[in-house]
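Participant: The structure that follows is given in the form of structure tokens.
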Amino acid sequence: MATAAPARATLIDFFHDATKRTGPFLVHDDGYRTWTFRYDEVGTAARRLAARLHATGLVKGDAVVLWGENRPEWIVAFWACLLRGIVVVPIDYRSAPSLVDRIAAVVSARLLLIGEDVDASAVTVDAPRWPLTAILREEAHASADVDDAPPVAITADDTAEIIFTSGATAEPKGVIITHRNVLANIVPIEREMAKYLRYIGPFSPIRFLNLLPLSHMFGQAMAAFVPPMLGGTVVFMRSLAPADVVRQISARRISVLVCVPKILDVLREHVRHAFPETRALQPPADSGLAALPKEKWYRRWWRFRRVHRAFGLKFWSAVVGAAPLDPALEEFWGGLGFLVVQGYGLTETAPIVTLNHPLHARKGTVGKPIHGVDVKIAEDGEILVRGDNVSQGYVGGTSDSARTLEDGWLHTGDIGSLDEQGRLSILGRKKEMIVTPDGLNVFPEDVERALLAQPGVRDAAVVGRRWDGEERVHAVVVLDDPESLPHVVQHANATLADHQKIRSASQWTGTDLPRTEGTRKLKRTALRAWVESGEQANARPVTGEDALRHVLARFAKGRDDVGDDTTLEALALSSLERVELLMALEQQFQTIVDEGAFAAARTVGDLRRLVGDGGLPAAADQGTPATPRVRSGRPSTVAKATVDKSGRSSRESAVGEAPSTIDTLREGLDDFPSWNRALLPSWVRRVSQATWILPIGRLFAWVRASGLEHLAGLEGPVVFAANHQSHMDTPVVLMALPRRWRAHTAVAMAKEFFTPHFHPAGQPLHRRVTNGLNYYLASLFFNAFPIPQRGAGTRHTLRYIGQLFEEGQSLLIFPEGKRTMAGEINEFRAGIGMIGAKLGVPVVPIRLVGADRLLHQKARFPTPGRVTVRFGPPIYLHGDDYAALARQVEAAVRALD
């Protein structure tokens, strides 16, 4: 018998039930390391933050702006606000600070909760700002400095959040969402899922890779509400590059991908490039290829088994929302043997109206209305919706409420139809529909599909253009060859009905057409305004800062004269700031940047060529920066890149096909050992250290340890940061460490010490052999790995250290980077500050005294003697001034004298 779904009065009931679980809930790959948090940990953190909000003086009905990227702390902050009756106001992290100021003023925000990838310094609203990043990372060592706050009476009709729509309108509208609205969405889904819970055991845990922004209601539903119904795990990742997405799906054993259709479009082109056999599915126009015949799912699965191996055998479905899904795209993924589930909804419906049943999906439709929701089609074809999920209006009770909500029905502005089984099909937007002089309706999406099928068309949009008092079909296209515009229009028209034919066209000279943040919907209002303005094709259609300058603004230290000729040296970037700039560029442009090519860049113009940025125009209607491109990575500057219609980069190398981004990532980590943490090497290391390595070392090093009480109760991983006196430092510290720490500690060693091994060209044979042997012995017996002290490689080093932390390994590092001559302590390098702050682990200072006398760097053999190892209390580093953080660690080591 199926388990009945529990009754829900408010979302707080859902929260309490969900956080009783103890399994993994939220996973976040932030580009440096992966963080995993259990359901109960999220619940505890949310309650703690709720108590802190109460202690700060926030009360029920106050508004808090939540402005940040997808991360577990976002979910924690969301629930913390709801627990206190505080209204959440989510804003997409890519939104401009000016928009944040406007929204914060509208809702009278009392507090800003900000993410790591936003420009908070440019926000002028007078309200406190709390960083999201510390909410969960500090939980393990946070003290309960506030008592549990008294309960707040929450009702179903209380406002849970206000979502400001980000379409192509001049001013976003704040949609009021109550607990009742959201419950009307999740309760029917929960009841339906309860029927199948007994069958999901063999497939558990179900993992969702959620690429939809949490500022969008469907993204919230597929992170905070639906996965907990199944005890599932939600994975967030920083990159949207297709190779990264595929890698995450495979490595994390993802079951369901949650994304906008544009992501599936880019992944399709990536799959076609990597697996040529898939090109037979819906071949491009004029290719001369015939589509594959219809087959049973298991035959399709076998035919394309290489694709399934790449994604991982557990991956089976994609759930798409927030934008219309091209039927050809759905057909492609279905042809590979994957299930594509789509639904329909709006922010005003919190957000779901209809949803395809995963086991009874009908291609080309968005499913049936969920329980409790009524849908009908008006005489003019507009979709009308009624139910408890429908918002009662907008902030301030604007006239939009009266126009949108008539007689209890929500006028969606979409045109659609219902089939005999009650399944809904979406035809287009009512306001975007073009009415020809003959009175016939043209939906832009139909014409755009015809354009995108033409070779050489990277992207396309269709709008209505007034001509002699009549509306005509006008196309705006991005082309590989500007001279091909007449040819493209001619061939597209050959596939269209007479009333759909393109009457005029313009070429968009930027890299991407303007789209909304996150959902990637075309901003047709901005496009139509440009077309009607009569601008020439080579004019900048929409003014504003380009995407590269938007990124550089975070690193330019207030300079407003940064141009393509500006040198990176003039920006006075530290080596670690360059690493952060590289990461920011990859996120903004959704690509993988080769670290060696980045290191060779000298000017801003070099960076622009490296990421292939043509100077993306910003969206004028909301003052937001240009939306990042969703495309595959560009691994090397030797590759000549072109961008096709889906936004992907296709690459040809001067010496052949360029390597894929996944190959580039693997190559970057090749110098870091993983074999030494396998079962057999780990066993050999433990036995060897206990039976002969450390016992021999104790014959020379008479170690006296103090401060070990600082390790009591401390859970790993941690960073042990010690001053550097000799080659005996590593075994000396290991002798002083308790066994439980010693067995799970990796040691950083200078890569330059092993130059003959890593760069054998020109090196004598005996040096290559002996140096390589030393490297492998150090890796085996001391769990050591190389850190480059000069040149490229910092980003890969951080990622590798992050992987160590994910496995529960601690790190022993000597931040001076060189040994002492006379027992002095040299300046600590900034890398220790970045490791502690970015990777979110405590730093335990260690002071070594006497190791230089034991084995001076000029000595050939150790001299027996006493060595003191002093451990200090752990330090928790915060901020991005890594040099200052390194000085903080250095001061803590010096204080142990």
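Labels used: A, B, ... for chains in the order of the structure tokens, numbers from 1 for residues in each chain, and numbers from 1 for ligands as shown.
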Give me the residues near Phe758 (chain A) as a ChimeraX atom specification, where near means some atom within 9 Å (using only C-alpha atoms) and where sequence neighbours in that chain fewer than 2 positions away do not count.
Facilitator: /A:671,751-752,754-756,760,768,772
Participant: What is the CA of Glu420 (chain A)-CA of Lys195 (chain A) distance in Å, reported with one decimal?
Facilitator: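 These two atoms are separated by 25.6 Å.
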Participant: I need the residues of region 307-383 of chain A that end up classed as strand (DSSP E) by DSSP on the backbone, written out as a list in words.
Facilitator: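 The strand (DSSP E) residues within region 307-383 of chain A come out as Ser317, Ala318, Val319, Val320, Leu339, Val340, Val341, Gln342, Gly343, Tyr344, Gly345, Ile352, Val353, Thr354, Leu355, Lys368, Pro369, Val373, Asp374, Val375, Lys376, Ile377, Glu382 and Ile383 of chain A.
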Participant: Please determine, counting only C-alpha atoms, which residue among A:Asp561, A:Pro482, A:Arg520, A:Glu190 has the shortest atom-to-atom distance to Gly321 (chain A).
Facilitator: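 Once distances to Gly321 (chain A) are computed over only C-alpha atoms, the minimum belongs to A:Arg520.
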Participant: Which residue gives the smallest distance to Asn723 (chain A) among A:Arg685, A:Lys363, A:Arg894, A:Arg102, with only C-alpha atoms counted?
Facilitator: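 Residue with the minimum atom-to-atom distance to Asn723 (chain A): A:Arg894.
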Participant: Report, in Å with one decimal, the straight-line distance from CA of Asn356 (chain A) to CA of Ala460 (chain A).
Facilitator: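 Distance between the two atoms: 28.4 Å.
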Participant: Considering only C-alpha atoms, return as a PyMOL selection string whatever protein or nucleic-acid residues lie within 12 Å of Ala7 (chain A), sequence-local ones (same chain, fewer than 6 positions apart) excluded.
Facilitator: chain A and resi 13-14+17+183-184+186-188+190-191
Participant: Would you mind reading off the distance between CA of Asp380 (chain A) and CA of Asp407 (chain A), one decimal, in Å?
Facilitator: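 Separation between CA of Asp380 (chain A) and CA of Asp407 (chain A): 16.8 Å.
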Participant: Counting only C-alpha atoms, which of A:Arg198, A:Arg465, A:His856, A:His766 gets nearest to Glu532 (chain A)?
Facilitator: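 Closest residue, counting only C-alpha atoms: A:Arg465.
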Participant: Please identify all polymer residues within 8 Å of Val462 (chain A), counting only C-alpha atoms, omitting same-chain residues fewer than 4 positions from it, and present them as a count of residues only.
Facilitator: 8
